[in-house]
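Dumped upload_35.json below, it's JSON, N, CA and C atoms:
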```json
[["chain", "number", "residue", "atom", "x", "y", "z"],
["W", 6, "MET", "N", 79.32, 103.28, 32.16],
["W", 6, "MET", "CA", 78.01, 102.85, 32.60],
["W", 6, "MET", "C", 78.15, 102.14, 33.94],
["W", 7, "SER", "N", 77.42, 102.60, 34.93],
["W", 7, "SER", "CA", 77.50, 101.98, 36.26],
["W", 7, "SER", "C", 76.26, 101.15, 36.52],
["W", 8, "ALA", "N", 76.48, 100.07, 37.23],
["W", 8, "ALA", "CA", 75.36, 99.21, 37.57],
["W", 8, "ALA", "C", 74.58, 99.86, 38.71],
["W", 9, "GLU", "N", 73.27, 99.68, 38.67],
["W", 9, "GLU", "CA", 72.44, 100.20, 39.75],
["W", 9, "GLU", "C", 72.71, 99.38, 41.01],
["W", 10, "PRO", "N", 72.62, 100.03, 42.17],
["W", 10, "PRO", "CA", 72.83, 99.26, 43.40],
["W", 10, "PRO", "C", 71.82, 98.13, 43.50],
["W", 11, "ARG", "N", 72.25, 97.02, 44.03],
["W", 11, "ARG", "CA", 71.39, 95.86, 44.17],
["W", 11, "ARG", "C", 70.40, 96.10, 45.30],
["W", 12, "ASP", "N", 69.15, 95.80, 45.04],
["W", 12, "ASP", "CA", 68.12, 95.91, 46.07],
["W", 12, "ASP", "C", 68.38, 94.84, 47.13],
["W", 13, "PRO", "N", 68.53, 95.22, 48.41],
["W", 13, "PRO", "CA", 68.81, 94.22, 49.43],
["W", 13, "PRO", "C", 67.71, 93.17, 49.56],
["W", 14, "LEU", "N", 66.53, 93.47, 49.06],
["W", 14, "LEU", "CA", 65.44, 92.49, 49.15],
["W", 14, "LEU", "C", 65.44, 91.49, 48.00],
["W", 15, "ASP", "N", 66.32, 91.67, 47.01],
["W", 15, "ASP", "CA", 66.45, 90.65, 45.96],
["W", 15, "ASP", "C", 66.81, 89.34, 46.64],
["W", 16, "GLY", "N", 66.06, 88.32, 46.36],
["W", 16, "GLY", "CA", 66.34, 87.02, 46.97],
["W", 16, "GLY", "C", 65.63, 86.78, 48.28],
["W", 17, "PHE", "N", 65.06, 87.83, 48.88],
["W", 17, "PHE", "CA", 64.34, 87.65, 50.14],
["W", 17, "PHE", "C", 63.13, 86.78, 49.86],
["W", 18, "ASP", "N", 62.98, 85.70, 50.59],
["W", 18, "ASP", "CA", 61.93, 84.72, 50.31],
["W", 18, "ASP", "C", 61.07, 84.54, 51.56],
["W", 19, "THR", "N", 59.84, 85.01, 51.49],
["W", 19, "THR", "CA", 58.95, 84.95, 52.65],
["W", 19, "THR", "C", 58.60, 83.50, 53.03],
["W", 20, "THR", "N", 58.67, 82.61, 52.08],
["W", 20, "THR", "CA", 58.41, 81.20, 52.40],
["W", 20, "THR", "C", 59.52, 80.66, 53.29],
["W", 21, "VAL", "N", 60.75, 80.97, 52.97],
["W", 21, "VAL", "CA", 61.90, 80.49, 53.74],
["W", 21, "VAL", "C", 62.03, 81.28, 55.04],
["W", 22, "HIS", "N", 61.62, 82.54, 55.05],
["W", 22, "HIS", "CA", 61.90, 83.45, 56.14],
["W", 22, "HIS", "C", 61.28, 83.06, 57.49],
["W", 23, "ALA", "N", 60.15, 82.40, 57.49],
["W", 23, "ALA", "CA", 59.53, 82.00, 58.76],
["W", 23, "ALA", "C", 60.58, 81.24, 59.58],
["W", 24, "PRO", "N", 60.76, 81.60, 60.85],
["W", 24, "PRO", "CA", 61.88, 81.05, 61.63],
["W", 24, "PRO", "C", 62.03, 79.53, 61.58],
["W", 25, "ASN", "N", 60.96, 78.79, 61.75],
["W", 25, "ASN", "CA", 61.11, 77.33, 61.73],
["W", 25, "ASN", "C", 61.39, 76.79, 60.34],
["W", 26, "ARG", "N", 60.87, 77.42, 59.31],
["W", 26, "ARG", "CA", 61.19, 76.98, 57.95],
["W", 26, "ARG", "C", 62.64, 77.31, 57.62],
["W", 27, "LEU", "N", 63.12, 78.44, 58.10],
["W", 27, "LEU", "CA", 64.52, 78.81, 57.91],
["W", 27, "LEU", "C", 65.42, 77.78, 58.59],
["W", 28, "ARG", "N", 65.04, 77.36, 59.77],
["W", 28, "ARG", "CA", 65.80, 76.36, 60.52],
["W", 28, "ARG", "C", 65.77, 75.00, 59.81],
["W", 29, "VAL", "N", 64.63, 74.63, 59.25],
["W", 29, "VAL", "CA", 64.53, 73.38, 58.50],
["W", 29, "VAL", "C", 65.48, 73.43, 57.31],
["W", 30, "CYS", "N", 65.45, 74.54, 56.56],
["W", 30, "CYS", "CA", 66.32, 74.68, 55.39],
["W", 30, "CYS", "C", 67.79, 74.62, 55.79],
["W", 31, "ALA", "N", 68.15, 75.29, 56.87],
["W", 31, "ALA", "CA", 69.54, 75.28, 57.33],
["W", 31, "ALA", "C", 69.98, 73.86, 57.70],
["W", 32, "LEU", "N", 69.15, 73.15, 58.40],
["W", 32, "LEU", "CA", 69.48, 71.78, 58.80],
["W", 32, "LEU", "C", 69.61, 70.88, 57.57],
["W", 33, "LEU", "N", 68.67, 70.99, 56.64],
["W", 33, "LEU", "CA", 68.71, 70.12, 55.46],
["W", 33, "LEU", "C", 69.87, 70.47, 54.54],
["W", 34, "GLU", "N", 70.24, 71.73, 54.47],
["W", 34, "GLU", "CA", 71.39, 72.07, 53.64],
["W", 34, "GLU", "C", 72.65, 71.43, 54.19],
["W", 35, "ALA", "N", 72.79, 71.46, 55.50],
["W", 35, "ALA", "CA", 73.99, 70.89, 56.13],
["W", 35, "ALA", "C", 74.00, 69.36, 56.06],
["W", 36, "ALA", "N", 72.82, 68.75, 56.14],
["W", 36, "ALA", "CA", 72.74, 67.29, 56.22],
["W", 36, "ALA", "C", 72.48, 66.63, 54.88],
["W", 37, "ASP", "N", 72.14, 67.37, 53.87],
["W", 37, "ASP", "CA", 71.74, 66.86, 52.57],
["W", 37, "ASP", "C", 70.39, 66.16, 52.66],
["W", 38, "GLU", "N", 70.25, 65.21, 53.56],
["W", 38, "GLU", "CA", 68.97, 64.52, 53.77],
["W", 38, "GLU", "C", 68.90, 64.15, 55.24],
["W", 39, "ALA", "N", 67.70, 64.26, 55.81],
["W", 39, "ALA", "CA", 67.54, 63.93, 57.23],
["W", 39, "ALA", "C", 66.18, 63.30, 57.46],
["W", 40, "GLU", "N", 66.14, 62.37, 58.40],
["W", 40, "GLU", "CA", 64.89, 61.72, 58.76],
["W", 40, "GLU", "C", 64.00, 62.72, 59.51],
["W", 41, "PHE", "N", 62.71, 62.67, 59.23],
["W", 41, "PHE", "CA", 61.74, 63.58, 59.83],
["W", 41, "PHE", "C", 61.90, 63.64, 61.34],
["W", 42, "GLY", "N", 62.02, 62.48, 61.98],
["W", 42, "GLY", "CA", 62.14, 62.42, 63.43],
["W", 42, "GLY", "C", 63.38, 63.13, 63.94],
["W", 43, "LEU", "N", 64.47, 63.02, 63.20],
["W", 43, "LEU", "CA", 65.70, 63.71, 63.58],
["W", 43, "LEU", "C", 65.53, 65.23, 63.47],
["W", 44, "VAL", "N", 64.92, 65.67, 62.39],
["W", 44, "VAL", "CA", 64.66, 67.10, 62.21],
["W", 44, "VAL", "C", 63.77, 67.60, 63.35],
["W", 45, "GLN", "N", 62.75, 66.84, 63.65],
["W", 45, "GLN", "CA", 61.83, 67.20, 64.74],
["W", 45, "GLN", "C", 62.59, 67.35, 66.06],
["W", 46, "LYS", "N", 63.44, 66.39, 66.35],
["W", 46, "LYS", "CA", 64.20, 66.41, 67.60],
["W", 46, "LYS", "C", 65.19, 67.57, 67.62],
["W", 47, "GLN", "N", 65.92, 67.76, 66.53],
["W", 47, "GLN", "CA", 66.92, 68.83, 66.46],
["W", 47, "GLN", "C", 66.30, 70.21, 66.63],
["W", 48, "LEU", "N", 65.11, 70.41, 66.07],
["W", 48, "LEU", "CA", 64.47, 71.72, 66.12],
["W", 48, "LEU", "C", 63.54, 71.88, 67.31],
["W", 49, "GLY", "N", 63.26, 70.80, 68.02],
["W", 49, "GLY", "CA", 62.39, 70.88, 69.19],
["W", 49, "GLY", "C", 60.96, 71.23, 68.85],
["W", 50, "LEU", "N", 60.48, 70.70, 67.73],
["W", 50, "LEU", "CA", 59.11, 70.96, 67.29],
["W", 50, "LEU", "C", 58.25, 69.73, 67.45],
["W", 51, "SER", "N", 56.95, 69.95, 67.58],
["W", 51, "SER", "CA", 56.03, 68.81, 67.57],
["W", 51, "SER", "C", 55.97, 68.28, 66.14],
["W", 52, "ALA", "N", 55.53, 67.04, 66.02],
["W", 52, "ALA", "CA", 55.41, 66.44, 64.68],
["W", 52, "ALA", "C", 54.43, 67.23, 63.82],
["W", 53, "SER", "N", 53.33, 67.69, 64.42],
["W", 53, "SER", "CA", 52.34, 68.42, 63.63],
["W", 53, "SER", "C", 52.86, 69.78, 63.19],
["W", 54, "ALA", "N", 53.60, 70.48, 64.05],
["W", 54, "ALA", "CA", 54.16, 71.79, 63.67],
["W", 54, "ALA", "C", 55.19, 71.61, 62.56],
["W", 55, "LEU", "N", 56.07, 70.62, 62.70],
["W", 55, "LEU", "CA", 57.07, 70.39, 61.66],
["W", 55, "LEU", "C", 56.40, 69.99, 60.36],
["W", 56, "SER", "N", 55.39, 69.15, 60.43],
["W", 56, "SER", "CA", 54.67, 68.71, 59.24],
["W", 56, "SER", "C", 54.06, 69.90, 58.49],
["W", 57, "LYS", "N", 53.51, 70.85, 59.21],
["W", 57, "LYS", "CA", 52.92, 72.03, 58.58],
["W", 57, "LYS", "C", 53.99, 72.85, 57.85],
["W", 58, "HIS", "N", 55.14, 73.03, 58.47],
["W", 58, "HIS", "CA", 56.22, 73.79, 57.84],
["W", 58, "HIS", "C", 56.77, 73.04, 56.62],
["W", 59, "VAL", "N", 56.93, 71.74, 56.76],
["W", 59, "VAL", "CA", 57.43, 70.93, 55.64],
["W", 59, "VAL", "C", 56.43, 70.98, 54.48],
["W", 60, "THR", "N", 55.15, 70.95, 54.77],
["W", 60, "THR", "CA", 54.13, 71.02, 53.72],
["W", 60, "THR", "C", 54.25, 72.32, 52.94],
["W", 61, "VAL", "N", 54.44, 73.44, 53.63],
["W", 61, "VAL", "CA", 54.60, 74.73, 52.96],
["W", 61, "VAL", "C", 55.84, 74.69, 52.06],
["W", 62, "LEU", "N", 56.94, 74.15, 52.57],
["W", 62, "LEU", "CA", 58.17, 74.07, 51.79],
["W", 62, "LEU", "C", 58.02, 73.12, 50.60],
["W", 63, "MET", "N", 57.28, 72.05, 50.78],
["W", 63, "MET", "CA", 57.05, 71.12, 49.67],
["W", 63, "MET", "C", 56.17, 71.75, 48.60],
["W", 64, "GLU", "N", 55.13, 72.47, 49.02],
["W", 64, "GLU", "CA", 54.24, 73.12, 48.05],
["W", 64, "GLU", "C", 54.98, 74.18, 47.24],
["W", 65, "ALA", "N", 56.02, 74.78, 47.82],
["W", 65, "ALA", "CA", 56.83, 75.76, 47.12],
["W", 65, "ALA", "C", 57.87, 75.09, 46.22],
["W", 66, "GLY", "N", 58.01, 73.77, 46.35],
["W", 66, "GLY", "CA", 59.01, 73.04, 45.57],
["W", 66, "GLY", "C", 60.39, 73.07, 46.18],
["W", 67, "TYR", "N", 60.49, 73.43, 47.46],
["W", 67, "TYR", "CA", 61.78, 73.58, 48.12],
["W", 67, "TYR", "C", 62.26, 72.32, 48.83],
["W", 68, "VAL", "N", 61.33, 71.46, 49.21],
["W", 68, "VAL", "CA", 61.69, 70.25, 49.96],
["W", 68, "VAL", "C", 60.99, 69.06, 49.30],
["W", 69, "GLU", "N", 61.71, 67.95, 49.28],
["W", 69, "GLU", "CA", 61.14, 66.67, 48.83],
["W", 69, "GLU", "C", 61.19, 65.71, 50.00],
["W", 70, "GLN", "N", 60.27, 64.77, 49.98],
["W", 70, "GLN", "CA", 60.31, 63.73, 51.00],
["W", 70, "GLN", "C", 60.38, 62.37, 50.34],
["W", 71, "ARG", "N", 61.03, 61.46, 51.03],
["W", 71, "ARG", "CA", 61.16, 60.08, 50.57],
["W", 71, "ARG", "C", 60.67, 59.21, 51.71],
["W", 72, "LYS", "N", 59.77, 58.30, 51.37],
["W", 72, "LYS", "CA", 59.22, 57.39, 52.39],
["W", 72, "LYS", "C", 59.75, 55.99, 52.14],
["W", 73, "ALA", "N", 60.08, 55.30, 53.23],
["W", 73, "ALA", "CA", 60.55, 53.93, 53.13],
["W", 73, "ALA", "C", 60.30, 53.24, 54.46],
["W", 74, "VAL", "N", 60.21, 51.93, 54.41],
["W", 74, "VAL", "CA", 60.05, 51.15, 55.64],
["W", 74, "VAL", "C", 61.43, 50.80, 56.16],
["W", 75, "ARG", "N", 61.63, 51.09, 57.43],
["W", 75, "ARG", "CA", 62.89, 50.76, 58.09],
["W", 75, "ARG", "C", 62.55, 50.27, 59.49],
["W", 76, "ASP", "N", 63.12, 49.15, 59.86],
["W", 76, "ASP", "CA", 62.84, 48.56, 61.17],
["W", 76, "ASP", "C", 61.33, 48.37, 61.36],
["W", 77, "THR", "N", 60.67, 47.88, 60.36],
["W", 77, "THR", "CA", 59.22, 47.60, 60.31],
["W", 77, "THR", "C", 58.35, 48.84, 60.49],
["W", 78, "ARG", "N", 58.93, 50.02, 60.44],
["W", 78, "ARG", "CA", 58.15, 51.26, 60.55],
["W", 78, "ARG", "C", 58.39, 52.11, 59.32],
["W", 79, "GLN", "N", 57.35, 52.83, 58.92],
["W", 79, "GLN", "CA", 57.53, 53.75, 57.81],
["W", 79, "GLN", "C", 58.28, 54.98, 58.30],
["W", 80, "ARG", "N", 59.32, 55.34, 57.57],
["W", 80, "ARG", "CA", 60.12, 56.51, 57.90],
["W", 80, "ARG", "C", 60.03, 57.51, 56.75],
["W", 81, "VAL", "N", 60.21, 58.78, 57.09],
["W", 81, "VAL", "CA", 60.18, 59.83, 56.09],
["W", 81, "VAL", "C", 61.50, 60.59, 56.16],
["W", 82, "TRP", "N", 62.15, 60.72, 55.01],
["W", 82, "TRP", "CA", 63.38, 61.49, 54.92],
["W", 82, "TRP", "C", 63.09, 62.75, 54.12],
["W", 83, "LEU", "N", 63.70, 63.85, 54.54],
["W", 83, "LEU", "CA", 63.50, 65.14, 53.90],
["W", 83, "LEU", "C", 64.81, 65.62, 53.28],
["W", 84, "ARG", "N", 64.69, 66.33, 52.16],
["W", 84, "ARG", "CA", 65.87, 66.94, 51.57],
["W", 84, "ARG", "C", 65.47, 68.20, 50.81],
["W", 85, "LEU", "N", 66.41, 69.14, 50.73],
["W", 85, "LEU", "CA", 66.17, 70.35, 49.94],
["W", 85, "LEU", "C", 66.28, 69.98, 48.47],
["W", 86, "THR", "N", 65.42, 70.54, 47.66],
["W", 86, "THR", "CA", 65.55, 70.40, 46.21],
["W", 86, "THR", "C", 66.58, 71.41, 45.72],
["W", 87, "ARG", "N", 66.95, 71.32, 44.48],
["W", 87, "ARG", "CA", 67.86, 72.31, 43.89],
["W", 87, "ARG", "C", 67.24, 73.71, 44.01],
["W", 88, "GLN", "N", 65.94, 73.79, 43.73],
["W", 88, "GLN", "CA", 65.23, 75.07, 43.85],
["W", 88, "GLN", "C", 65.22, 75.55, 45.30],
["W", 89, "GLY", "N", 65.03, 74.64, 46.25],
["W", 89, "GLY", "CA", 65.03, 75.00, 47.66],
["W", 89, "GLY", "C", 66.38, 75.48, 48.13],
["W", 90, "ARG", "N", 67.43, 74.82, 47.66],
["W", 90, "ARG", "CA", 68.79, 75.23, 48.02],
["W", 90, "ARG", "C", 69.07, 76.64, 47.48],
["W", 91, "ALA", "N", 68.65, 76.91, 46.24],
["W", 91, "ALA", "CA", 68.85, 78.24, 45.64],
["W", 91, "ALA", "C", 68.05, 79.29, 46.40],
["W", 92, "ALA", "N", 66.81, 78.96, 46.78],
["W", 92, "ALA", "CA", 65.98, 79.91, 47.52],
["W", 92, "ALA", "C", 66.59, 80.20, 48.89],
["W", 93, "TYR", "N", 67.08, 79.18, 49.55],
["W", 93, "TYR", "CA", 67.70, 79.35, 50.87],
["W", 93, "TYR", "C", 68.95, 80.21, 50.76],
["W", 94, "GLN", "N", 69.82, 79.89, 49.79],
["W", 94, "GLN", "CA", 71.04, 80.68, 49.60],
["W", 94, "GLN", "C", 70.72, 82.13, 49.22],
["W", 95, "GLY", "N", 69.72, 82.33, 48.36],
["W", 95, "GLY", "CA", 69.31, 83.68, 47.99],
["W", 95, "GLY", "C", 68.76, 84.44, 49.17],
["W", 96, "HIS", "N", 68.02, 83.75, 50.01],
["W", 96, "HIS", "CA", 67.46, 84.39, 51.20],
["W", 96, "HIS", "C", 68.57, 84.81, 52.16],
["W", 97, "LEU", "N", 69.56, 83.93, 52.37],
["W", 97, "LEU", "CA", 70.68, 84.28, 53.23],
["W", 97, "LEU", "C", 71.43, 85.49, 52.69],
["W", 98, "ALA", "N", 71.64, 85.53, 51.38],
["W", 98, "ALA", "CA", 72.34, 86.67, 50.76],
["W", 98, "ALA", "C", 71.54, 87.95, 50.97],
["W", 99, "ALA", "N", 70.21, 87.87, 50.84],
["W", 99, "ALA", "CA", 69.37, 89.05, 51.05],
["W", 99, "ALA", "C", 69.45, 89.52, 52.50],
["W", 100, "LEU", "N", 69.43, 88.59, 53.44],
["W", 100, "LEU", "CA", 69.55, 88.96, 54.85],
["W", 100, "LEU", "C", 70.88, 89.64, 55.12],
["W", 101, "ARG", "N", 71.95, 89.10, 54.53],
["W", 101, "ARG", "CA", 73.27, 89.72, 54.72],
["W", 101, "ARG", "C", 73.31, 91.12, 54.12],
["W", 102, "ALA", "N", 72.68, 91.30, 52.96],
["W", 102, "ALA", "CA", 72.63, 92.61, 52.32],
["W", 102, "ALA", "C", 71.83, 93.61, 53.16],
["W", 103, "ILE", "N", 70.78, 93.13, 53.80],
["W", 103, "ILE", "CA", 69.95, 94.00, 54.63],
["W", 103, "ILE", "C", 70.71, 94.48, 55.86],
["W", 104, "VAL", "N", 71.40, 93.57, 56.54],
["W", 104, "VAL", "CA", 72.08, 93.93, 57.78],
["W", 104, "VAL", "C", 73.44, 94.56, 57.55],
["W", 105, "GLY", "N", 73.96, 94.43, 56.35],
["W", 105, "GLY", "CA", 75.26, 95.04, 56.05],
["W", 105, "GLY", "C", 76.42, 94.14, 56.42],
["W", 106, "PRO", "N", 77.63, 94.63, 56.18],
["W", 106, "PRO", "CA", 78.82, 93.81, 56.47],
["W", 106, "PRO", "C", 78.98, 93.62, 57.97],
["W", 107, "PRO", "N", 79.60, 92.52, 58.35],
["W", 107, "PRO", "CA", 79.79, 92.27, 59.78],
["W", 107, "PRO", "C", 80.76, 93.30, 60.37],
["W", 108, "ALA", "N", 80.54, 93.60, 61.61],
["W", 108, "ALA", "CA", 81.43, 94.52, 62.32],
["W", 108, "ALA", "C", 82.76, 93.84, 62.57],
["W", 109, "PRO", "N", 83.86, 94.60, 62.55],
["W", 109, "PRO", "CA", 85.16, 93.98, 62.83],
["W", 109, "PRO", "C", 85.20, 93.49, 64.28],
["W", 110, "PRO", "N", 85.95, 92.42, 64.52],
["W", 110, "PRO", "CA", 86.03, 91.90, 65.89],
["W", 110, "PRO", "C", 86.69, 92.92, 66.82],
["W", 111, "PRO", "N", 86.30, 92.92, 68.09],
["W", 111, "PRO", "CA", 86.87, 93.89, 69.04],
["W", 111, "PRO", "C", 88.34, 93.64, 69.33]]
```
Rendering of file as structure tokens:
Amino acid sequence: MSAEPRDPLDGFDTTVHAPNRLRVCALLEAADEAEFGLVQKQLGLSASALSKHVTVLMEAGYVEQRKAVRDTRQRVWLRLTRQGRAAYQGHLAALRAIVGPPAPPP
């Protein structure tokens, strides 16, 4: 009995796929948790654009935020949830399956 070939779109996540949301997920996976302002600066986005992308990711259950006062200002920290990390990893695997194996170096 042979297994059917895996559909390359298994794991493809349209929520994560939007370029700026993909970048947010990549940054948060590497950092575990990051302050909103740092994410904004690293990605070169306006606060309102980043907020919209974060809201979509939060509504999907992929990102959580933590608010706290630091240096007399309210700060917001973002992190991927377990579900968000799985969705991001699944999306990366789907992208790799779609494009195929990397070409050997020249």
List every residue of chain W that DSSP, applied to the backbone, labels as helix (DSSP H, G or I), and write the result as a ChimeraX atom specification. /W:19-22,24-36,41-48,52-64,87-104
re atom N of Leu43 (chain W) and atom N of Val29 (chain W): distance 12.3 Å
Using only N, CA and C atoms: which of W:Leu83, W:Leu55, W:Ala73, W:Ala65 has the shortest distance to Asp37 (chain W): W:Leu83
Those in chain W with strand (DSSP E) from DSSP, as number ranges by chain: W: 38-40, 68-75, 78-85
Near region 14-17 of chain W, within 6.5 Å and counting only N, CA and C atoms, which residues show up once chain neighbours fewer than 6 positions away are dropped, as number ranges by chain? W: 95-97, 99-100, 103
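The smallest atom-to-atom distance between Ala92 (chain W) and any of W:Gly105, W:Tyr67, W:Asn25, W:Val74, using only N, CA and C atoms, is found for W:Tyr67.
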Looking at W:Lys72, W:Arg101, W:Lys46, W:Arg90, which one is nearest to Cys30 (chain W), with distances taken over all atoms listed in the file? W:Arg90
Would you list the residues near (70.4, 72.9, 57.6) (no more than 12 Å away, in the coordinates of the file, using only C-alpha atoms) as a list of chain:residue names? W:Asn25, W:Arg26, W:Leu27, W:Arg28, W:Val29, W:Cys30, W:Ala31, W:Leu32, W:Leu33, W:Glu34, W:Ala35, W:Ala36, W:Asp37, W:Glu38, W:Ala39, W:Leu43, W:Val44, W:Gln47, W:Leu48, W:Val68, W:Leu83, W:Arg84, W:Leu85, W:Gly89, W:Arg90, W:Tyr93, W:Gln94
Using only N, CA and C atoms: which of W:Thr19, W:Phe41, W:Glu64, W:Asp12 has the shortest distance to Val81 (chain W): W:Phe41
What gap, in Å, lies between atom N of Gln45 (chain W) and atom N of Ala102 (chain W)? 28.5 Å
Could you jot down the atom C of Glu40 (chain W) to atom N of Asp76 (chain W) separation for me, Å, one decimal place? 13.6 Å
